[in-house]
file coords.csv (CSV, C-alpha atoms)
chain,number,residue,atom,x,y,z
A,191,MET,CA,58.0,101.5,53.7
A,192,GLN,CA,54.5,102.8,53.6
A,193,TYR,CA,53.5,104.2,50.2
A,194,ARG,CA,50.7,106.5,49.5
A,195,LYS,CA,50.8,105.9,45.8
A,196,HIS,CA,51.1,102.6,43.9
A,197,TYR,CA,51.8,101.9,40.2
A,198,ILE,CA,51.4,98.8,38.1
A,199,PRO,CA,55.0,97.4,37.7
A,200,LEU,CA,56.6,97.9,34.3
A,201,ASP,CA,57.4,95.0,32.1
A,202,SER,CA,61.1,94.4,31.4
A,203,ASN,CA,60.8,95.5,27.8
A,204,PRO,CA,63.2,97.9,26.2
A,205,GLN,CA,60.6,99.2,23.7
A,206,LEU,CA,58.3,100.1,26.6
A,207,PHE,CA,61.1,101.7,28.6
A,208,THR,CA,62.0,103.8,25.5
A,209,GLN,CA,58.4,104.8,25.0
A,210,LEU,CA,58.1,106.1,28.5
A,211,ALA,CA,61.5,107.8,28.4
A,212,ARG,CA,60.4,109.6,25.3
A,213,GLU,CA,57.2,110.7,27.0
A,214,LEU,CA,59.4,112.2,29.6
A,215,GLY,CA,61.5,114.1,27.0
A,216,LEU,CA,64.2,111.8,25.9
A,217,SER,CA,65.4,112.4,22.3
A,218,ASN,CA,64.7,109.9,19.6
A,219,ALA,CA,68.5,109.6,19.2
A,220,LEU,CA,68.6,107.3,22.3
A,221,ALA,CA,66.8,104.0,23.1
A,222,PHE,CA,66.8,101.2,25.6
A,223,HIS,CA,68.0,97.8,24.4
A,224,ASP,CA,68.1,94.3,25.8
A,225,VAL,CA,71.3,93.1,27.4
A,226,LEU,CA,71.2,89.3,27.0
A,227,SER,CA,74.4,88.7,29.1
A,228,ILE,CA,76.9,90.7,31.0
A,229,LYS,CA,79.4,87.8,30.9
A,230,ASP,CA,79.3,86.4,27.4
A,231,PRO,CA,81.5,88.5,25.1
A,232,GLU,CA,79.5,87.5,22.0
A,233,LEU,CA,76.2,88.6,23.5
A,234,LEU,CA,77.7,91.7,25.1
A,235,ALA,CA,79.0,92.7,21.6
A,236,LEU,CA,75.3,93.0,20.5
A,237,VAL,CA,74.7,95.9,22.8
A,238,PRO,CA,74.8,99.2,20.9
A,239,ARG,CA,77.7,101.6,22.0
A,240,PRO,CA,78.0,103.9,23.7
A,241,ALA,CA,75.9,102.5,26.5
A,242,LEU,CA,75.0,105.4,28.8
A,243,ALA,CA,73.2,103.5,31.5
A,244,LEU,CA,72.3,100.0,32.6
A,245,ILE,CA,69.0,99.1,34.2
A,246,LEU,CA,69.1,95.7,35.8
A,247,VAL,CA,66.0,93.8,36.9
A,248,PHE,CA,66.6,91.1,39.5
A,249,PRO,CA,64.6,88.8,41.8
A,250,THR,CA,64.5,90.1,45.3
A,251,SER,CA,65.5,87.8,48.1
A,252,PRO,CA,65.0,87.7,51.9
A,253,THR,CA,68.5,89.1,52.3
A,254,TYR,CA,67.7,92.1,50.0
A,255,GLU,CA,64.4,92.7,51.8
A,256,ALA,CA,66.2,92.6,55.2
A,257,LEU,CA,68.6,95.3,54.0
A,258,ILE,CA,65.8,97.5,52.7
A,259,ALA,CA,64.0,97.0,56.0
A,260,GLU,CA,67.1,98.2,57.9
A,261,GLY,CA,66.7,101.6,56.3
A,262,ASP,CA,67.0,103.4,53.0
A,263,ARG,CA,70.5,102.5,51.8
A,264,GLY,CA,69.9,104.1,48.4
A,265,GLY,CA,71.0,107.6,47.4
A,266,PRO,CA,73.8,109.3,45.7
A,267,ARG,CA,77.4,108.5,46.6
A,268,SER,CA,78.3,112.1,45.6
A,269,GLN,CA,76.7,115.4,44.9
A,270,ASP,CA,77.3,114.8,41.2
A,271,VAL,CA,74.4,112.4,40.8
A,272,MET,CA,70.8,113.2,40.2
A,273,TRP,CA,69.0,110.8,42.5
A,274,TYR,CA,65.3,110.2,43.0
A,275,LYS,CA,64.1,108.4,46.2
A,276,GLN,CA,61.5,105.9,45.4
A,277,THR,CA,58.2,107.0,47.0
A,278,ILE,CA,55.8,105.2,44.7
A,279,ASN,CA,55.3,101.4,45.2
A,280,ASN,CA,56.1,99.2,42.3
A,281,ALA,CA,57.5,102.1,40.3
A,282,CYS,CA,61.2,101.1,40.4
A,283,GLY,CA,61.2,100.8,36.6
A,284,LEU,CA,60.2,104.5,36.3
A,285,TYR,CA,62.8,105.5,38.8
A,286,GLY,CA,65.4,103.5,36.9
A,287,ILE,CA,64.4,105.4,33.7
A,288,LEU,CA,64.6,108.7,35.5
A,289,HIS,CA,68.1,107.9,36.9
A,290,ALA,CA,69.2,106.8,33.4
A,291,ILE,CA,68.0,109.9,31.6
A,292,SER,CA,68.9,112.4,34.4
A,293,ASN,CA,72.6,111.6,34.7
A,294,GLY,CA,75.7,111.4,32.7
A,295,ASP,CA,75.7,112.0,28.9
A,296,SER,CA,72.0,111.1,28.8
A,297,ARG,CA,71.2,114.5,30.2
A,298,ASP,CA,72.2,116.1,26.8
A,299,PHE,CA,69.4,114.1,25.1
A,300,VAL,CA,66.5,115.5,27.2
A,301,GLY,CA,64.7,118.6,26.2
A,302,LYS,CA,65.2,121.7,28.4
A,303,ASN,CA,61.5,121.9,29.2
A,304,ASP,CA,60.9,118.2,29.9
A,305,PHE,CA,60.3,116.5,33.2
A,306,PRO,CA,63.8,115.5,34.4
A,307,GLN,CA,65.7,118.4,32.8
A,308,LYS,CA,63.8,121.0,34.8
A,309,ARG,CA,65.2,119.6,38.0
A,310,HIS,CA,68.9,119.7,37.2
A,311,GLU,CA,69.7,122.8,39.3
A,312,PRO,CA,70.6,122.6,42.1
A,313,PRO,CA,71.3,118.9,41.9
A,314,MET,CA,70.4,117.7,45.4
A,315,GLU,CA,67.2,119.7,46.0
A,316,CYS,CA,65.4,117.6,43.4
A,317,SER,CA,66.0,114.2,44.9
A,318,ASN,CA,62.3,113.8,45.9
A,319,VAL,CA,60.8,115.2,42.7
A,320,VAL,CA,58.8,112.1,42.0
A,321,SER,CA,57.4,112.1,45.5
A,322,LEU,CA,55.6,115.2,44.5
A,323,CYS,CA,53.3,112.9,42.5
A,324,VAL,CA,51.9,111.8,45.8
A,325,ALA,CA,50.9,115.2,47.1
A,326,VAL,CA,50.7,117.5,44.1
A,327,ARG,CA,48.2,117.3,41.2
A,328,SER,CA,49.8,119.5,38.6
A,329,THR,CA,49.6,119.1,34.8
A,330,GLU,CA,53.1,117.8,34.7
A,331,VAL,CA,52.5,115.2,37.3
A,332,GLU,CA,49.2,114.1,35.7
A,333,GLN,CA,51.1,113.8,32.4
A,334,LEU,CA,53.6,111.5,34.1
A,335,ASN,CA,50.8,109.4,35.6
A,336,VAL,CA,49.0,109.1,32.3
A,337,ALA,CA,52.1,108.2,30.3
A,338,TYR,CA,53.2,105.7,32.9
A,339,GLU,CA,49.9,103.9,33.1
A,340,ALA,CA,49.6,103.7,29.3
A,341,VAL,CA,53.0,102.1,29.0
A,342,ALA,CA,52.6,99.8,32.0
A,343,LEU,CA,49.4,98.4,30.6
A,344,GLN,CA,51.1,97.4,27.3
A,345,GLY,CA,53.5,94.8,28.8
A,346,ASN,CA,53.4,91.1,28.1
A,347,SER,CA,54.0,90.0,31.7
A,348,GLU,CA,51.2,89.2,34.0
A,349,VAL,CA,50.8,92.2,36.3
A,350,PRO,CA,49.1,92.2,39.7
A,351,ALA,CA,45.4,93.1,39.6
A,352,ASN,CA,46.1,95.4,42.6
A,353,PRO,CA,49.0,97.9,42.2
A,354,GLU,CA,49.5,97.6,46.0
A,355,ASP,CA,50.5,94.0,45.7
A,356,GLU,CA,54.2,93.3,46.3
A,357,ILE,CA,56.2,91.9,43.5
A,358,ASP,CA,59.4,89.8,43.7
A,359,PHE,CA,61.5,91.7,41.2
A,360,HIS,CA,63.3,95.1,41.4
A,361,TYR,CA,65.0,97.4,38.9
A,362,VAL,CA,68.2,99.3,39.7
A,363,CYS,CA,70.1,101.7,37.5
A,364,PHE,CA,73.8,102.0,37.0
A,365,VAL,CA,74.8,105.3,35.4
A,366,LYS,CA,77.8,107.7,35.4
A,367,SER,CA,77.6,110.9,37.4
A,368,ASN,CA,77.0,114.3,35.8
A,369,LYS,CA,80.6,115.4,36.5
A,370,THR,CA,83.1,114.9,33.7
A,371,ILE,CA,85.8,112.4,34.8
A,372,THR,CA,89.3,112.9,33.5
A,373,SER,CA,91.9,110.3,33.2
A,374,THR,CA,95.1,110.7,35.1
A,375,SER,CA,97.0,108.0,33.2
call {"tool": "encode", "arguments": {"input": "coords.csv", "output": "structure tokens"}}
result
Amino acid sequence: MQYRKHYIPLDSNPQLFTQLARELGLSNALAFHDVLSIKDPELLALVPRPALALILVFPTSPTYEALIAEGDRGGPRSQDVMWYKQTINNACGLYGILHAISNGDSRDFVGKNDFPQKRHEPPMECSNVVSLCVAVRSTEVEQLNVAYEAVALQGNSEVPANPEDEIDFHYVCFVKSNKTITSTS
């Protein structure tokens, strides 16, 4: 995919994710935390509950890259998910955060006048809101750019000198939809 905008990748650091999410309007009542294992029950027990979303970072592979090259396979599985198509290179951490705070119960912890909350209605017309960063220079977009850069520069990981450089890791977010699910048991 050809990108017109490029960001420095985010360090996989829950404090930095929390800082950026709060800049976007997330309440102090929520925070990101490290998940040290998804298999070990003892380590999984350390994750605060309830967990409203999971952002996973993984090394990309030739198979993954081939799937991406075939076409955009991302997107919502239903109309009940607020989804942002990634249009900024190396910004998958930001998109993971946006997905995490724009869906499910997390939505209740974002102020009504903050970045993701403004785009909740109608749900699917907002799917490319972050792509507006490429073409529009509004106060809101500039605020996002400044907040992102400040957080990205705080990481402990070595980042590429050029934001256009490709990196070998990617973030994905797993989060419940905005629709309340009722049990039929």
call {"tool": "residues_around", "arguments": {"input": "coords.csv", "residues": "range 239-241 of chain A", "least_positions_apart": "4", "cutoff": "12 Å", "atoms": "only C-alpha atoms", "output": "MDAnalysis selection string"}}
result
chainID A and resid 219:225 234:235 245 290:291 294:296 364:366
call {"tool": "closest_residue", "arguments": {"input": "coords.csv", "among": "A:Leu226, A:Pro252, A:Ala281, A:Glu260", "to": "Tyr338 in chain A", "atoms": "all atoms listed in the file"}}
result
A:Ala281
call {"tool": "closest_atom_pairs", "arguments": {"input": "coords.csv", "of": "range 227-283 of chain A", "to": "range 199-210 of chain A", "cutoff": "8 Å", "atoms": "only C-alpha atoms", "output": "JSON lines"}}
result
{"residue": "A:Val247", "atom": "CA", "partner": "A:Ser202", "partner_atom": "CA", "distance": 7.4}
{"residue": "A:Asn280", "atom": "CA", "partner": "A:Pro199", "partner_atom": "CA", "distance": 5.1}
{"residue": "A:Ala281", "atom": "CA", "partner": "A:Pro199", "partner_atom": "CA", "distance": 5.9}
{"residue": "A:Cys282", "atom": "CA", "partner": "A:Pro199", "partner_atom": "CA", "distance": 7.7}
{"residue": "A:Gly283", "atom": "CA", "partner": "A:Leu200", "partner_atom": "CA", "distance": 5.9}
call {"tool": "residues_near_point", "arguments": {"input": "coords.csv", "point": "(76.6, 117.7, 39.2)", "cutoff": "6 Å", "atoms": "all atoms listed in the file", "output": "list in words"}}
result
Asp270, Val271, Asn368 and Lys369 of chain A
call {"tool": "closest_residue", "arguments": {"input": "coords.csv", "among": "A:Glu255, A:Asn279, A:Lys229, A:Val300", "to": "Asp355 in chain A", "atoms": "only C-alpha atoms"}}
result
A:Asn279
